[in-house]
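Student: Got a structure for you, questions after.
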Amino acid sequence: MGDMSEHQRVLDLIQAVDLDGQEPARVLAWLAARRADVVAAVLACDREGARGLGTRLAAAVWPAARLVREPRWWTELAEAGEALAVADRDPVALADLLHLGAATFAEYGDRVRAEERWVRALAVTRREGLPGQDRVLSALGSLYRDWGRLGKAVDAYLGLVDVRRGAGDPAGTAAGLAEVGTTMHAAGRVRSAMDHFDQADELMGRTGAAPADHARVLVWCGRTRWEQGHHAAARRRWSRALAMLVDVDEDAANRVRALLATEPEDDPDFPYLSNTSSSPSGGVG
């Protein structure tokens, strides 16, 4: 791995797996036929002065690796790249590789391996004071919520709120608070969910959030009140949401109008919330 030809070979591999400007099907066919060679190339970089190139190759492969549904190969790729980053004492590369690998494992349902890597990535970023804690906490919150481990999801999202608040990111803090609210609602903690949606509403009002995002949180603010029997208070939040959506999103506005027309004795559905996701931010993290 010491000569320029080997160095150039790794650079060529990085280019070959780059999805930008290439058809995914073409990259998939290329990588499926050469996946063992790619891992071998990463492993061959395990020497002084070459490990950084190897971790760069491993990181470049991950976006395309998810196209090749072979978990055993993903594990080999993950372990090879992570070992290089550890040997090179490069916490930035290690955290990035752990996150990339975890995202692929999670996408295809291997929650155990995804959790293991995101927990390690979080430990690395915290220990080294690195950026990226928010993306890992957001990913862990989503993983745990989909997994039904709602207590752990709440902990992850509360950590996300703390990180974003500490970074002076009010918009991100509001989004994190809304994720906490959604998760607490799923866990049956309606009052606690309402409190966090209210905090998100307040922050969004101060920071000038996008009307659609703020309206979605207000619908949640109303829903949690409605479920506690506070129908007039719920309607006040929905009226605010409607005012934000008029002339912005007519379909969403109509869904809020349907909520406003609900009678106390009725059991309303919440089509506005189920339109894209149960999350107030339309997704996770």
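Residues are referred to by chain and number: the chain letter is A, B, ... according to the order shown in the structure tokens, the number counts from 1 in that chain, and ligands are numbered separately from 1 in the order shown.
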Give me the residues within 9 Å of stretch 155-159 of chain A as a ChimeraX atom specification, counting only C-alpha atoms and dropping any in the same chain fewer than 2 places off.
Tutor: /A:134,136-142,144,150-153,161-164,176-177,179-180,183
Student: Using N, CA, C and O atoms, can you write the selected residues to a file as a PDB file, in the first residue's frame?
Tutor:
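Result saved to result-v7.pdb:
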```
ATOM      1  N   ASP A 134     -25.895  16.261  18.018  1.00  0.00           N
ATOM      2  CA  ASP A 134     -27.324  16.427  17.739  1.00  0.00           C
ATOM      3  C   ASP A 134     -27.822  15.417  16.718  1.00  0.00           C
ATOM      4  O   ASP A 134     -28.904  14.854  16.871  1.00  0.00           O
ATOM      5  N   VAL A 136     -26.632  12.461  16.129  1.00  0.00           N
ATOM      6  CA  VAL A 136     -26.644  11.125  16.726  1.00  0.00           C
ATOM      7  C   VAL A 136     -27.824  10.978  17.685  1.00  0.00           C
ATOM      8  O   VAL A 136     -28.532   9.963  17.676  1.00  0.00           O
ATOM      9  N   LEU A 137     -28.062  11.995  18.511  1.00  0.00           N
ATOM     10  CA  LEU A 137     -29.186  11.942  19.440  1.00  0.00           C
ATOM     11  C   LEU A 137     -30.518  11.888  18.702  1.00  0.00           C
ATOM     12  O   LEU A 137     -31.439  11.168  19.099  1.00  0.00           O
ATOM     13  N   SER A 138     -30.625  12.654  17.611  1.00  0.00           N
ATOM     14  CA  SER A 138     -31.838  12.615  16.806  1.00  0.00           C
ATOM     15  C   SER A 138     -32.052  11.224  16.213  1.00  0.00           C
ATOM     16  O   SER A 138     -33.174  10.694  16.215  1.00  0.00           O
ATOM     17  N   ALA A 139     -30.970  10.636  15.715  1.00  0.00           N
ATOM     18  CA  ALA A 139     -31.066   9.297  15.134  1.00  0.00           C
ATOM     19  C   ALA A 139     -31.435   8.258  16.187  1.00  0.00           C
ATOM     20  O   ALA A 139     -32.269   7.373  15.945  1.00  0.00           O
ATOM     21  N   LEU A 140     -30.844   8.367  17.367  1.00  0.00           N
ATOM     22  CA  LEU A 140     -31.178   7.430  18.439  1.00  0.00           C
ATOM     23  C   LEU A 140     -32.635   7.589  18.873  1.00  0.00           C
ATOM     24  O   LEU A 140     -33.334   6.596  19.123  1.00  0.00           O
ATOM     25  N   GLY A 141     -33.099   8.842  18.960  1.00  0.00           N
ATOM     26  CA  GLY A 141     -34.499   9.058  19.318  1.00  0.00           C
ATOM     27  C   GLY A 141     -35.434   8.394  18.335  1.00  0.00           C
ATOM     28  O   GLY A 141     -36.409   7.726  18.720  1.00  0.00           O
ATOM     29  N   SER A 142     -35.150   8.552  17.053  1.00  0.00           N
ATOM     30  CA  SER A 142     -35.984   7.940  16.017  1.00  0.00           C
ATOM     31  C   SER A 142     -35.923   6.419  16.088  1.00  0.00           C
ATOM     32  O   SER A 142     -36.949   5.729  15.981  1.00  0.00           O
ATOM     33  N   TYR A 144     -35.214   4.478  18.703  1.00  0.00           N
ATOM     34  CA  TYR A 144     -35.907   3.967  19.884  1.00  0.00           C
ATOM     35  C   TYR A 144     -37.420   4.124  19.764  1.00  0.00           C
ATOM     36  O   TYR A 144     -38.178   3.262  20.213  1.00  0.00           O
ATOM     37  N   LEU A 150     -39.854   3.721  24.253  1.00  0.00           N
ATOM     38  CA  LEU A 150     -40.198   5.144  24.315  1.00  0.00           C
ATOM     39  C   LEU A 150     -39.469   5.882  25.425  1.00  0.00           C
ATOM     40  O   LEU A 150     -39.179   7.078  25.290  1.00  0.00           O
ATOM     41  N   GLY A 151     -39.157   5.218  26.532  1.00  0.00           N
ATOM     42  CA  GLY A 151     -38.393   5.873  27.585  1.00  0.00           C
ATOM     43  C   GLY A 151     -37.018   6.289  27.099  1.00  0.00           C
ATOM     44  O   GLY A 151     -36.558   7.412  27.362  1.00  0.00           O
ATOM     45  N   LYS A 152     -36.357   5.398  26.370  1.00  0.00           N
ATOM     46  CA  LYS A 152     -35.041   5.725  25.818  1.00  0.00           C
ATOM     47  C   LYS A 152     -35.158   6.799  24.733  1.00  0.00           C
ATOM     48  O   LYS A 152     -34.268   7.650  24.581  1.00  0.00           O
ATOM     49  N   ALA A 153     -36.241   6.762  23.958  1.00  0.00           N
ATOM     50  CA  ALA A 153     -36.443   7.786  22.939  1.00  0.00           C
ATOM     51  C   ALA A 153     -36.590   9.164  23.582  1.00  0.00           C
ATOM     52  O   ALA A 153     -36.007  10.152  23.124  1.00  0.00           O
ATOM     53  N   VAL A 161     -32.448  18.309  22.911  1.00  0.00           N
ATOM     54  CA  VAL A 161     -32.872  19.651  23.309  1.00  0.00           C
ATOM     55  C   VAL A 161     -31.749  20.365  24.056  1.00  0.00           C
ATOM     56  O   VAL A 161     -31.444  21.537  23.797  1.00  0.00           O
ATOM     57  N   ASP A 162     -31.106  19.653  24.978  1.00  0.00           N
ATOM     58  CA  ASP A 162     -30.015  20.261  25.750  1.00  0.00           C
ATOM     59  C   ASP A 162     -28.864  20.691  24.848  1.00  0.00           C
ATOM     60  O   ASP A 162     -28.302  21.786  25.015  1.00  0.00           O
ATOM     61  N   VAL A 163     -28.493  19.833  23.894  1.00  0.00           N
ATOM     62  CA  VAL A 163     -27.386  20.153  22.996  1.00  0.00           C
ATOM     63  C   VAL A 163     -27.725  21.376  22.145  1.00  0.00           C
ATOM     64  O   VAL A 163     -26.911  22.298  21.997  1.00  0.00           O
ATOM     65  N   ARG A 164     -28.913  21.399  21.574  1.00  0.00           N
ATOM     66  CA  ARG A 164     -29.290  22.517  20.716  1.00  0.00           C
ATOM     67  C   ARG A 164     -29.469  23.807  21.513  1.00  0.00           C
ATOM     68  O   ARG A 164     -29.105  24.890  21.041  1.00  0.00           O
ATOM     69  N   GLY A 176     -36.676  19.953  18.635  1.00  0.00           N
ATOM     70  CA  GLY A 176     -36.393  18.886  19.590  1.00  0.00           C
ATOM     71  C   GLY A 176     -37.473  18.761  20.643  1.00  0.00           C
ATOM     72  O   GLY A 176     -37.874  17.650  21.016  1.00  0.00           O
ATOM     73  N   LEU A 177     -37.963  19.896  21.135  1.00  0.00           N
ATOM     74  CA  LEU A 177     -39.059  19.865  22.112  1.00  0.00           C
ATOM     75  C   LEU A 177     -40.306  19.200  21.525  1.00  0.00           C
ATOM     76  O   LEU A 177     -41.013  18.457  22.213  1.00  0.00           O
ATOM     77  N   GLU A 179     -40.311  16.902  19.244  1.00  0.00           N
ATOM     78  CA  GLU A 179     -40.055  15.454  19.194  1.00  0.00           C
ATOM     79  C   GLU A 179     -40.278  14.826  20.568  1.00  0.00           C
ATOM     80  O   GLU A 179     -40.824  13.721  20.682  1.00  0.00           O
ATOM     81  N   VAL A 180     -39.847  15.520  21.629  1.00  0.00           N
ATOM     82  CA  VAL A 180     -40.117  15.030  22.983  1.00  0.00           C
ATOM     83  C   VAL A 180     -41.624  14.903  23.190  1.00  0.00           C
ATOM     84  O   VAL A 180     -42.124  13.897  23.713  1.00  0.00           O
ATOM     85  N   THR A 183     -43.149  11.909  21.371  1.00  0.00           N
ATOM     86  CA  THR A 183     -42.787  10.644  21.986  1.00  0.00           C
ATOM     87  C   THR A 183     -43.525  10.439  23.300  1.00  0.00           C
ATOM     88  O   THR A 183     -43.994   9.332  23.608  1.00  0.00           O
TER      89      THR A 183
END
```
Student: For A:Asp267, which residue out of A:Glu227, A:Arg34, A:Arg237, A:Gly205 is the nearest one, using only C-alpha atoms?
Tutor: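 Of A:Glu227, A:Arg34, A:Arg237, A:Gly205, the one nearest A:Asp267 is A:Glu227, counting only C-alpha atoms.
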Student: Considering only C-alpha atoms, can you say which of A:Gly81, A:Gly181, A:Gly148, A:Gly54 comes closest to A:Arg111?
Tutor: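 Once distances to A:Arg111 are computed over only C-alpha atoms, the minimum belongs to A:Gly148.
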Student: Could you make a table, as a Markdown table, of the residues of stretch 110-189 of chain A that have an atom within 6 Å of an atom of stretch 82-103 of chain A, each with its nearest atom pair and distance in Å to one decimal, counting only C-alpha atoms, in chain and number order?
Tutor:
```
| residue | atom | partner | partner_atom | distance |
| --- | --- | --- | --- | --- |
| A:Ala114 | CA | A:Ala102 | CA | 4.0 |
| A:Arg117 | CA | A:Leu98 | CA | 5.2 |
| A:Trp118 | CA | A:His99 | CA | 5.9 |
| A:Ala121 | CA | A:Ala95 | CA | 4.7 |
```
Student: Take the residues just selected and output them with N, CA and C atoms as an mmCIF file, in the first residue's frame.
Tutor:
```cif
data_model
loop_
_atom_site.group_PDB
_atom_site.id
_atom_site.type_symbol
_atom_site.label_atom_id
_atom_site.label_comp_id
_atom_site.auth_asym_id
_atom_site.auth_seq_id
_atom_site.Cartn_x
_atom_site.Cartn_y
_atom_site.Cartn_z
ATOM 1 N N ALA A 114 -27.397 -1.014 14.839
ATOM 2 C CA ALA A 114 -27.542 0.435 14.713
ATOM 3 C C ALA A 114 -27.383 1.099 16.072
ATOM 4 N N ARG A 117 -23.760 1.190 17.347
ATOM 5 C CA ARG A 117 -22.873 2.167 16.716
ATOM 6 C C ARG A 117 -23.244 3.603 17.075
ATOM 7 N N TRP A 118 -24.536 3.885 17.155
ATOM 8 C CA TRP A 118 -24.911 5.249 17.532
ATOM 9 C C TRP A 118 -24.533 5.543 18.977
ATOM 10 N N ALA A 121 -20.913 6.259 18.848
ATOM 11 C CA ALA A 121 -20.674 7.563 18.228
ATOM 12 C C ALA A 121 -20.967 8.691 19.205
#
```
